[in-house]
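Asker: Quick one: the structure is below, questions incoming.
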Amino acid sequence: MAARRTTKKPNVSKEELLSYYRDMLLIRRFEEKAGQLYGMGLIGGFCHLYIGQEAVVVGLEAAAEEGDKRVTSYRDHGHMLACGMDPKGVMAELTGREGGYSKGKGGSMHMFSKEKHFYGGHGIVGAQVPIGAGLAFADKYLENGRVTFTYFGDGAANQGQVYETFNMAALWDLPVIFVVENNQYAMGTSQQRSTSSQEIYERGLAFGIPGEAVDGMDVLAVKAASEKAVAHCRSGKGPYILEVKTYRYRGHSMSDPAKYRTREEVQKMREERDAIEAVRQLLLTGKHATEDELKAIDKEIKDVVNEAADFSKESPEPALEELWTDIYADA
Amino acid sequence: MATEVLMPALSPTMEEGTLAKWMVKEGDTVSSGDILAEIETDKATMEFEAVDEGIIGKILVAAGSEGVKVNTPIAIMVEEGEDADAVVTAAPVAAETPVAEAPAPVVPAAPAAPVASVTLEPDYPDGTELKTQTVREALRDAMAEEMTRDESVYLMGEEVAEYQGAYKVSQGLLDQFGAKRVVDTPITEHGFTGVAVGSAFGGLRPIVEFMTFNFAMQAIDQIINSAAKTLYMSGGQMGCPIVFRGPNGAAARVAAQHSQDYAAWYAQIPGLKVVQPYCASDAKGLLKSAIRDPNPVIFLENEILYGRSFDVPVLDDYTVPFGKARIWREGTDVTIVSFGIGMTYALEAADKLAEEGISAEVIDLRTLRPIDYDTLLGSVMKTNRCVTVEEGFPVASIGNHLSAYIMENAFDYLDAPVINCTGKDVPMPYAANLEKLALVTTDEVIAAVKQVTYR
């Protein structure tokens with residue numbers, strides 16, 4: 001058991017690179033479109049964009065198998081797209097329409113897909129962490145060999161229930177991967193101002209949970225770390241912590257002017273560390289794809305996103321009777 | 001000087017116990033701290049130590065004696081050369097001082113004999129064989145039956161397994177079902193509640209025992225935001241079949257942080273079902289229904305009721321549906337509506353009122369979400385007067401809600417304003433006399449009935 005940083009990169013095929021490129025680009029274009037629709041008043045309430053963090057979820061998902069579960073916080077659009085949920089249903093939920101995953105009753109922060117084993121979408125910071133361990137508890141009880149990816153941020157890492165969960169997950173050897181998406185800001189409070197020890201991946205040591213930090217702007221590094229974590233959990237060795245160091249380009253939510261950091265800091269990350277651009281360069285320099293081929297992919301993604309946006313505008317608002325449905329399941 | 005050794009109160013709610021085993025015999029010399037006997041309480045078997053040194057002059061209560069009341073003399077301790085028999089004759093006089101030193105816990109009076117009360121609408125056919133069971137045993141049986149019936153049902157909580165339950169409700173379940181399905185948790189309510197909710201999303205049917213509902217406040221976010229709301233937030237995709245159960249309300253002398261009735265809190269939340277049984281058969285039948293329900297159910301038990309005995313039908317699969325009140329006693333002058341331990345006061349008041357010629361109809365709501373409004377309204381339309389009884393705080397109480405509902409739906413039938421008898425608007429005090437004052441009392445229910453009947 002050890003807590004350490006990884007830098008090792010795996011060999012990767014052209015097909016894999018292209019699929020990561022595609023998946024990350026879909027999230028980015030989708031989020032940009034969501035931001036646009038928010039500006040037009042079509043999306044309301046809180047809307048937390050994932051732009052900048054795409055490599056985290058795409059890298060993690062690369063090691064998932066059918067039936068594995070995932071659960072996350074309110075910054076959840078990327079996770080849904082990465083696990084294969086339909087962009088149309090996600091966008092229509094953002095616009096509060098009948099065609100949304102929750103029939104318009106959940107919104108940006110509360111979306112689920114039983115079919116894709118996506119267990120939300122939770123609006124209370126940190127609450128998804130014991131829930132993720134509970135999903136793993138069920139898998140262990142049912143002896144089905146599944147693992148659960150439980151995502152939370154550097155902000156949630158200071159919630160007490162996270163450590164209550166670490167204790168139980170280790171005590172009971174639950175097959176759960178705790179993914180700390182460290183984007184360095186808990187809303188407007190930097191990690192330095194909120195967190196006594198900066199290495200969150202080391203916080204499992206007290207419970208005997210191995211942890212590792214990984215560069216979240218490098219999808220291949222995330223994938224390699226994810227494979228290791230999944231293998232650990234699936235073999236019955238209990239939980240694993242992955243701290244994925246990432247960065248969000250946008251504000252905490254749409255209404256955040258982001259005065260707590262400089263424009264230069266954001267710009268520097270975008271120019272020097274962007275995960276999508278890095279894969280794009282790998283594809284081009286490795287002669288896996290030409291500019292034209294990538295342009296064709298860009299267009300394809302843009303079409304998917306536009307189609308989702310159109311659907312989210314055309315889908316009707318939920319019927320008024322929906323106010324009174326889904327409060328109780330039939331006994 | 002010879003002294004009497006009295007049957008000790010070894011838990012806040014203990015009224016009597018079994019003298020399981022003597023660890024000393026007559027003539028033995030003991031010093032303070034020596035174990036005198038093993039005593040079985042309603043919760044556990046405890047060792048009972050000598051407080052003073054002396055010689056066991058005489059053993060008054062034989063090993064194996066059941067139902068030994070607290071403060072009953074169980075042995076005589078003498079000094080060298082003293083005669084124990086001489087002391088026994090003087091026992092009634094000598095008993096007075098020890099009573100003051102170790103007062104019996106203050107608990108509400110024993111319930112009006114429920115077996116004798118008129119049960120107008122039993123949930124089982126006439127002629128069904130009945131057995132006497134405590135609420136505690138009925139709850140245990142309900143869990144055991146449902147765990148046998150459905151492999152996905154498991155019990156989780158503090159001390160539920162190896163300790164056999166802090167209040168002995170889960171006694172024997174670990175042996176019967178094993179550690180996989182009877183899970184001891186660390187003291188971590190917020191965390192294990194979230195884990196249980198997640199496991200319900202993942203296909204299991206957890207029963208979460210809170211050692212008391214006071215501790216569930218640590219976990220209330222998971223109960224309300226995660227368990228109660230997810231079905232709605234997911235557009236019907238993902239439900240949360242889970243039971244949160246444990247003792248709720250005041251026990252005895254455990255003061256403010258351990259004495260609160262949460263009925264009104266949880267009854268306010270759409271997405272939850274809320275059950276608060278009074279008698280053993282309802283405890284069993286409702287808990288079985290709760291475990292089968294695909295929704296999150298708050299199951300509010302009561303420590304004082306755990307040890308009370310009632311008739312329970314001997315049936316293979318006895319369930320009680322939610323949303324159906326039980327009329328315990330038919331009457332014509334006033335409707336007294338209550339639930340849980342409040343029924344103790346309601347039934348006792350009805351008995352005393354009957355002696356004064358006032359005929360009270362007593363309704364046990366049994367579930368607070370859903371509420372059986374039809375039975376309540378039907379009764380109020382007949383009696384034209386209503387008194388509600390509960391142990392919880394008065395502001396935004398269940399009684400407040402029922403009053404409003406009756407006013408909105410049966411205003412023209414009322415001959416007097418509805419009166420809510422509740423606990424007082426104060427944190428629960430520790431002192432025995434103040435605690436008694438803080439709780440709702442039978443006398444207050446009687447006074448309220450006289451007020452609404454203008455007697």
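Chain labels A, B, ... are given in the sequence in which chains occur in the structure tokens; within each chain residues are numbered consecutively from 1, and ligands are likewise numbered from 1 in the order shown.
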Env of range 316-323 of chain A: 10 Å cut, atoms = only C-alpha atoms, seq-sep filter 3 positions within chain, self excluded. Answer as JSON, numbers by chain.
Answerer: {"A": [92, 95, 96, 97, 98, 99, 100, 103, 104, 105, 311, 312, 313, 326, 327], "B": [232, 235]}
Asker: Per residue of chain B within 8 Å of chain A, which atom pair is closest and at what distance in Å (one decimal), using only C-alpha atoms, listed by chain and increasing number, as a Markdown table?
Answerer:
| residue | atom | partner | partner_atom | distance |
| --- | --- | --- | --- | --- |
| B:Lys180 | CA | A:Tyr141 | CA | 7.5 |
| B:Thr185 | CA | A:Met168 | CA | 7.9 |
| B:Pro186 | CA | A:Met168 | CA | 7.6 |
| B:Thr188 | CA | A:Glu164 | CA | 6.2 |
| B:His190 | CA | A:Gln161 | CA | 6.2 |
| B:Gly191 | CA | A:Glu164 | CA | 5.2 |
| B:Phe192 | CA | A:Pro130 | CA | 7.2 |
| B:Thr193 | CA | A:Pro130 | CA | 7.9 |
| B:Gly194 | CA | A:Pro130 | CA | 4.7 |
| B:Val195 | CA | A:Gly134 | CA | 3.8 |
| B:Ala196 | CA | A:Gly134 | CA | 5.7 |
| B:Val197 | CA | A:Ile131 | CA | 6.2 |
| B:Gly198 | CA | A:Ile131 | CA | 3.9 |
| B:Ser199 | CA | A:Gly134 | CA | 4.3 |
| B:Ala200 | CA | A:Ala138 | CA | 7.7 |
| B:Phe201 | CA | A:Leu135 | CA | 6.8 |
| B:Gly202 | CA | A:Leu135 | CA | 5.0 |
| B:Gly203 | CA | A:Ala138 | CA | 6.7 |
| B:Leu204 | CA | A:Ala138 | CA | 6.2 |
| B:Gln222 | CA | A:Ala127 | CA | 7.0 |
| B:Asn225 | CA | A:Ile124 | CA | 7.9 |
| B:Ser226 | CA | A:Ala127 | CA | 7.9 |
| B:Lys229 | CA | A:Ile327 | CA | 7.6 |
| B:Leu231 | CA | A:Asp326 | CA | 5.9 |
| B:Tyr232 | CA | A:Asp326 | CA | 4.8 |
| B:Met233 | CA | A:Gly106 | CA | 4.3 |
| B:Ser234 | CA | A:Ser102 | CA | 4.5 |
| B:Gly235 | CA | A:Ser102 | CA | 3.9 |
| B:Gly236 | CA | A:Asp326 | CA | 4.9 |
| B:Gln237 | CA | A:Lys114 | CA | 6.6 |
| B:Met238 | CA | A:Lys114 | CA | 7.0 |
| B:Gly239 | CA | A:Ala329 | CA | 6.9 |
| B:Pro270 | CA | A:Ile327 | CA | 6.7 |
| B:Gly271 | CA | A:Ile327 | CA | 5.2 |
| B:Arg292 | CA | A:Ala331 | CA | 7.7 |
| B:Asp293 | CA | A:Ala331 | CA | 5.3 |
| B:Pro294 | CA | A:Ala331 | CA | 5.9 |
| B:Asn295 | CA | A:Ala329 | CA | 6.2 |
Asker: Please dump the current selection as a tab-separated table (two decimals), in the first residue's frame; keep C-alpha atoms.
Answerer:
chain	number	residue	atom	x	y	z
B	180	LYS	CA	-23.36	-10.53	5.96
B	185	THR	CA	-21.59	-0.35	11.91
B	186	PRO	CA	-19.14	2.05	13.43
B	188	THR	CA	-21.14	7.01	12.08
B	190	HIS	CA	-24.29	10.21	8.57
B	191	GLY	CA	-21.98	7.80	6.81
B	192	PHE	CA	-23.80	4.52	7.28
B	193	THR	CA	-27.14	6.08	6.40
B	194	GLY	CA	-25.64	7.21	3.10
B	195	VAL	CA	-24.14	3.76	2.55
B	196	ALA	CA	-27.51	2.15	3.22
B	197	VAL	CA	-29.27	4.54	0.82
B	198	GLY	CA	-26.68	3.75	-1.85
B	199	SER	CA	-27.18	0.04	-1.32
B	200	ALA	CA	-30.92	0.52	-1.79
B	201	PHE	CA	-30.21	2.28	-5.10
B	202	GLY	CA	-28.01	-0.71	-5.89
B	203	GLY	CA	-30.78	-3.26	-5.46
B	204	LEU	CA	-30.84	-4.18	-1.75
B	222	GLN	CA	-29.27	11.49	3.57
B	225	ASN	CA	-32.34	14.73	0.30
B	226	SER	CA	-31.12	11.32	-0.88
B	229	LYS	CA	-36.38	12.76	-3.12
B	231	LEU	CA	-37.58	8.83	-7.09
B	232	TYR	CA	-39.00	12.23	-8.00
B	233	MET	CA	-35.69	13.72	-9.09
B	234	SER	CA	-35.04	10.75	-11.35
B	235	GLY	CA	-38.41	10.96	-13.03
B	236	GLY	CA	-39.44	7.66	-11.47
B	237	GLN	CA	-36.32	5.69	-12.50
B	238	MET	CA	-34.67	5.15	-9.17
B	239	GLY	CA	-36.49	4.43	-5.95
B	270	PRO	CA	-43.19	14.05	0.55
B	271	GLY	CA	-41.46	10.88	-0.55
B	292	ARG	CA	-41.78	-4.69	1.56
B	293	ASP	CA	-42.59	-1.12	0.62
B	294	PRO	CA	-40.58	0.19	-2.36
B	295	ASN	CA	-40.30	3.61	-0.70
Asker: Run DSSP on the backbone and tell me which residues of range 13-207 of chain A come out as strand (DSSP E); list them as JSON, numbers by chain.
Answerer: {"A": [69, 70, 71, 72, 118, 119, 120, 121, 148, 149, 150, 151, 152, 153, 176, 177, 178, 179, 180, 181, 182, 185, 186, 189, 190]}
Asker: Leaving out range 25-29 of chain B and any residue of its chain fewer than 6 positions from it, which residues lie within 6 Å of it when counting only C-alpha atoms, given as JSON, numbers by chain?
Answerer: {"B": [54, 55, 56, 57, 58]}
Asker: Please save N, CA and C atoms of the selected residues as an mmCIF file, in the first residue's frame.
Answerer:
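This is the output file out_12.cif:
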data_model
loop_
_atom_site.group_PDB
_atom_site.id
_atom_site.type_symbol
_atom_site.label_atom_id
_atom_site.label_comp_id
_atom_site.auth_asym_id
_atom_site.auth_seq_id
_atom_site.Cartn_x
_atom_site.Cartn_y
_atom_site.Cartn_z
ATOM 1 N N GLY B 54 -19.741 -7.184 53.662
ATOM 2 C CA GLY B 54 -20.576 -7.836 54.663
ATOM 3 C C GLY B 54 -20.699 -9.317 54.359
ATOM 4 N N ILE B 55 -21.643 -9.931 55.027
ATOM 5 C CA ILE B 55 -21.869 -11.367 54.842
ATOM 6 C C ILE B 55 -23.265 -11.544 54.279
ATOM 7 N N ILE B 56 -23.393 -12.431 53.310
ATOM 8 C CA ILE B 56 -24.717 -12.710 52.758
ATOM 9 C C ILE B 56 -25.481 -13.497 53.829
ATOM 10 N N GLY B 57 -26.383 -12.809 54.514
ATOM 11 C CA GLY B 57 -27.120 -13.432 55.609
ATOM 12 C C GLY B 57 -28.203 -14.338 55.077
ATOM 13 N N LYS B 58 -28.936 -13.841 54.095
ATOM 14 C CA LYS B 58 -30.037 -14.636 53.581
ATOM 15 C C LYS B 58 -30.339 -14.223 52.143
#
Asker: Go through A:Lys237, A:Lys223, A:Arg270, A:Lys287 and flag the residue nearest Val12 in chain A, using only C-alpha atoms for the distances.
Answerer: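 The shortest atom-to-atom distance to Val12 in chain A comes from A:Lys223.
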Asker: Name the closest residue to Tyr167 in chain B among the candidates B:Tyr345, B:Tyr306, B:Tyr413, B:Tyr266; distances are taken between atoms, counting only C-alpha atoms.
Answerer: B:Tyr306
Asker: Counting only C-alpha atoms, figure out which residue out of A:Glu16, A:Asp173, A:Glu181, A:Glu93 gets nearest to Gln53 in chain A.
Answerer: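 Under the stated criterion, the closest residue is A:Glu181.
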Asker: I need the residue nearest Val180 in chain A from this list: A:Gly208, A:Pro257, A:Gly145, A:Gly126. Use only C-alpha atoms for the distance.
Answerer: A:Gly126
Asker: Identify, on the basis of only C-alpha atoms, every residue whose closest approach to Pro427 in chain B does not exceed 10 Å; exclude the query and any residue fewer than 6 positions from it along the same chain; express the result as a PyMOL selection string.
Answerer: chain B and resi 255-257+259-260+393+435+438
Asker: Let's see if you can do this: from backbone DSSP, list all helix (DSSP H, G or I) residues in range 101-350 of chain B, as a PyMOL selection string.
Answerer: chain B and resi 101+135-149+173-177+189-201+213-228+230-233+256-258+263-267+280-292+303-306+342-350
Asker: Take CA of Ile419 in chain B and CA of His401 in chain B and report the distance between them in Å, one decimal.
Answerer: 11.7 Å
Asker: Please provide the set of residues having any atom within 7 Å of range 28-43 of chain A, restricted to only C-alpha atoms, with same-chain residues fewer than 4 positions apart removed, written as JSON, numbers by chain.
Answerer: {"A": [24, 49, 50, 51, 94, 95, 302, 305]}
